[in-house]
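Okay, so here's the structure we're looking at.
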Amino acid sequence: MKPSIAAEASSPEVAFAHSALGRLLLRVLADDGSSHNKKTLANYLLRHQMRVTALGIEELAESCKVSTATVSRFARDIGFRNYAAMRGAVADTLQEVLQPVEKLRSSIEQRRRASPVAESLEYALANITTTASNLAQPQIEAVVRKLTKARTVYVMGFGLSSHLAGAMVQHLQPFCAHVVEVVGIGGSEVAAGHLVNISEKDVVVAISFPRYTVDCCRLASFARDRKAAIVALTDSPASPLAALADHLLCAQSVHPVLPSSSSTALAVIEALAAALMVSNRANVEKAAQLTEVIATYLYGKR
């Protein structure tokens with residue numbers, strides 16, 4: 001894949017969230033003073049931009065279970081003359097952000113091979129390249145500081161994200177005071193039980209990618225209400241986890257066939273683990289001790 005194509009690989013949802021209008025809607029979601037109806041409308045616009053461009057005000061109101069007056073007031077509150085002007089801005093923004101995405105898709109279509117394996121790997125490469133260009137070092141460093149100071153780090157991932165949670169637990173255990181994998185045999189009931197004594201001294205790493213799980217968001221909200229720090233590893237600022245996060249790590253997960261790709265998320269987990277390992281001399285010593293302890297269990301070591 002050409003680097004220019006990889007650098008342009010971005011889902012419309014992610015690109016829209018990074019636009020001026022998208023950032024405005026994200027601020028509405030993050031504002032504790034925003035009403036439930038305002039947050040519902042902002043979330044709908046972030047998640048369903050294409051659909052909004054074709055909806056009348058009555059249809060949008062029905063989709064969000066609000067009144068048409070509420071929709072009109074929302075449009076004015078975020079700086080538009082009326083609903084039609086807001087819908088026009090969504091359409092204009094969407095047209096701008098779709099251009100690089102459609103260019104990527106068109107390029108892949110023109111070079112499409114018979115094997116879906118090659119296409120899947122192509123998307124994985126594009127996802128990782130784009131994520132690497134957008135993930136700032138200070139973001140990782142801030143998360144490392146939280147993990148280092150935490151009394152307990154709770155790692156939570158349901159369904160397709162459960163294997164990612166398991167990988168993160170394995171990477172963090174040697175270097176954090178106490179690490180708990182929240183979801184295990186027993187599912188949501190066991191997960192809730194693990195979090196019952198959570199406090200402001202703890203950190204929750206919540207992992208969720210399309211298809212998002214309701215339980216992950218509910219339990220992250222529960223932990224946030226008890227003042228625990230929330231680190232969200234997800235695919236987009238428009239993810240339902242994003243509004244709950246103190247620290248947001250986005251790993252692009254676009255895939256031509258699967259609901260989402262987890263290759264980039266695993267790469268981010270490994271990058272976070274590497275940053276944690278080298279963050280202080282004590283962790284380097286712990287890594288050496290761990291290697292010594294497990295050496296007898298490795299093939300070829302006696």
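The chains in the structure tokens are called A, B, ... from first to last as shown; in each chain the residues are counted from 1, and the ligands are counted from 1 in the order shown.
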
Residue list (alpha helix (DSSP H), DSSP) for region 128-297 of chain A, as a VMD selection string: chain A and resid 128 to 134 137 to 149 162 to 172 188 to 194 214 to 225 263 to 277 281 to 294

Within 10 Å of Val169 (chain A) using only C-alpha atoms, minus same-chain residues under 5 positions, as a VMD selection string: chain A and resid 153 to 156 163 to 164 174 176 179 to 182 205 269 273

Put those residues in a file: C-alpha atoms, as a PDB file, in the first residue's frame.
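Final file, out.pdb:
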```
ATOM      1  CA  VAL A 153      -6.292  -1.278  37.497  1.00  0.00           C
ATOM      2  CA  TYR A 154      -9.528  -2.856  36.264  1.00  0.00           C
ATOM      3  CA  VAL A 155      -9.479  -3.929  32.604  1.00  0.00           C
ATOM      4  CA  MET A 156     -12.865  -4.488  30.979  1.00  0.00           C
ATOM      5  CA  HIS A 163      -9.369 -10.962  24.046  1.00  0.00           C
ATOM      6  CA  LEU A 164      -7.973  -7.418  23.952  1.00  0.00           C
ATOM      7  CA  PRO A 174       4.123  -7.216  36.160  1.00  0.00           C
ATOM      8  CA  CYS A 176       1.068  -2.312  38.200  1.00  0.00           C
ATOM      9  CA  VAL A 179      -4.616  -5.703  37.942  1.00  0.00           C
ATOM     10  CA  VAL A 180      -8.086  -7.242  37.667  1.00  0.00           C
ATOM     11  CA  GLU A 181      -9.691  -8.589  34.503  1.00  0.00           C
ATOM     12  CA  VAL A 182     -13.266  -7.516  35.089  1.00  0.00           C
ATOM     13  CA  VAL A 205      -9.489   0.589  31.235  1.00  0.00           C
ATOM     14  CA  ILE A 269      -2.013  -1.976  23.843  1.00  0.00           C
ATOM     15  CA  ALA A 273       2.804  -1.584  27.646  1.00  0.00           C
TER      16      ALA A 273
END
```

Contacts of region 256-265 of chain A within 10 Å, only C-alpha atoms, excl. fewer than 2 positions in-chain, as a PyMOL selection string: chain A and resi 105+116+119-121+123-132+160-161+163-164+207-212+233-235+249-254+267-271

Polymer residues at most 7 Å from Val231 (chain A), only C-alpha atoms, same-chain spacing of 5 or more positions, as a PyMOL selection string: chain A and resi 204-206+245-248

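The smallest atom-to-atom distance between Glu141 (chain A) and any of A:Leu272, A:Leu41, A:Leu26, A:Ala165, using only C-alpha atoms, is found for A:Leu272.
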
Surrounding residues of Leu29 (chain A) excluding itself and chain neighbours under 2 positions, 12 Å, only C-alpha atoms, as a PyMOL selection string: chain A and resi 17+22-27+31-46+237-245

Secondary structure check, strand (DSSP E or B) residues of region 110-222 of chain A, as a VMD selection string: chain A and resid 153 to 157 179 to 181 203 to 207

Take the residues from that selection and write them out as a PDB file, in the first residue's frame, keeping N, CA and C atoms.
```pdb
ATOM      1  N   VAL A 153      -5.920  -1.536  38.883  1.00  0.00           N
ATOM      2  CA  VAL A 153      -6.292  -1.278  37.497  1.00  0.00           C
ATOM      3  C   VAL A 153      -7.285  -2.358  37.073  1.00  0.00           C
ATOM      4  N   TYR A 154      -8.495  -1.940  36.732  1.00  0.00           N
ATOM      5  CA  TYR A 154      -9.528  -2.856  36.264  1.00  0.00           C
ATOM      6  C   TYR A 154      -9.587  -2.772  34.740  1.00  0.00           C
ATOM      7  N   VAL A 155      -9.450  -3.905  34.064  1.00  0.00           N
ATOM      8  CA  VAL A 155      -9.479  -3.929  32.604  1.00  0.00           C
ATOM      9  C   VAL A 155     -10.755  -4.649  32.159  1.00  0.00           C
ATOM     10  N   MET A 156     -11.529  -3.989  31.303  1.00  0.00           N
ATOM     11  CA  MET A 156     -12.865  -4.488  30.979  1.00  0.00           C
ATOM     12  C   MET A 156     -13.089  -4.507  29.469  1.00  0.00           C
ATOM     13  N   GLY A 157     -13.441  -5.681  28.956  1.00  0.00           N
ATOM     14  CA  GLY A 157     -13.800  -5.803  27.548  1.00  0.00           C
ATOM     15  C   GLY A 157     -14.756  -6.969  27.370  1.00  0.00           C
ATOM     16  N   VAL A 179      -3.851  -5.753  39.186  1.00  0.00           N
ATOM     17  CA  VAL A 179      -4.616  -5.703  37.942  1.00  0.00           C
ATOM     18  C   VAL A 179      -5.716  -6.745  37.996  1.00  0.00           C
ATOM     19  N   VAL A 180      -6.932  -6.341  37.647  1.00  0.00           N
ATOM     20  CA  VAL A 180      -8.086  -7.242  37.667  1.00  0.00           C
ATOM     21  C   VAL A 180      -8.726  -7.259  36.285  1.00  0.00           C
ATOM     22  N   GLU A 181      -8.909  -8.450  35.732  1.00  0.00           N
ATOM     23  CA  GLU A 181      -9.691  -8.589  34.503  1.00  0.00           C
ATOM     24  C   GLU A 181     -11.154  -8.689  34.897  1.00  0.00           C
ATOM     25  N   VAL A 203      -8.270   2.802  38.579  1.00  0.00           N
ATOM     26  CA  VAL A 203      -8.398   3.126  37.161  1.00  0.00           C
ATOM     27  C   VAL A 203      -9.144   1.988  36.468  1.00  0.00           C
ATOM     28  N   VAL A 204     -10.061   2.340  35.590  1.00  0.00           N
ATOM     29  CA  VAL A 204     -10.731   1.362  34.734  1.00  0.00           C
ATOM     30  C   VAL A 204     -10.289   1.588  33.296  1.00  0.00           C
ATOM     31  N   VAL A 205      -9.761   0.551  32.672  1.00  0.00           N
ATOM     32  CA  VAL A 205      -9.489   0.589  31.235  1.00  0.00           C
ATOM     33  C   VAL A 205     -10.649  -0.132  30.554  1.00  0.00           C
ATOM     34  N   ALA A 206     -11.499   0.635  29.898  1.00  0.00           N
ATOM     35  CA  ALA A 206     -12.686   0.077  29.231  1.00  0.00           C
ATOM     36  C   ALA A 206     -12.412  -0.029  27.735  1.00  0.00           C
ATOM     37  N   ILE A 207     -12.616  -1.205  27.185  1.00  0.00           N
ATOM     38  CA  ILE A 207     -12.313  -1.472  25.780  1.00  0.00           C
ATOM     39  C   ILE A 207     -13.601  -1.869  25.060  1.00  0.00           C
TER      40      ILE A 207
END
```

Atomic separation - CA of Ala167 (chain A) relative to CA of Leu276 (chain A), Å: 14.6 Å

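What separates CA of Met168 (chain A) from CA of Leu266 (chain A) is a distance of 8.4 Å.
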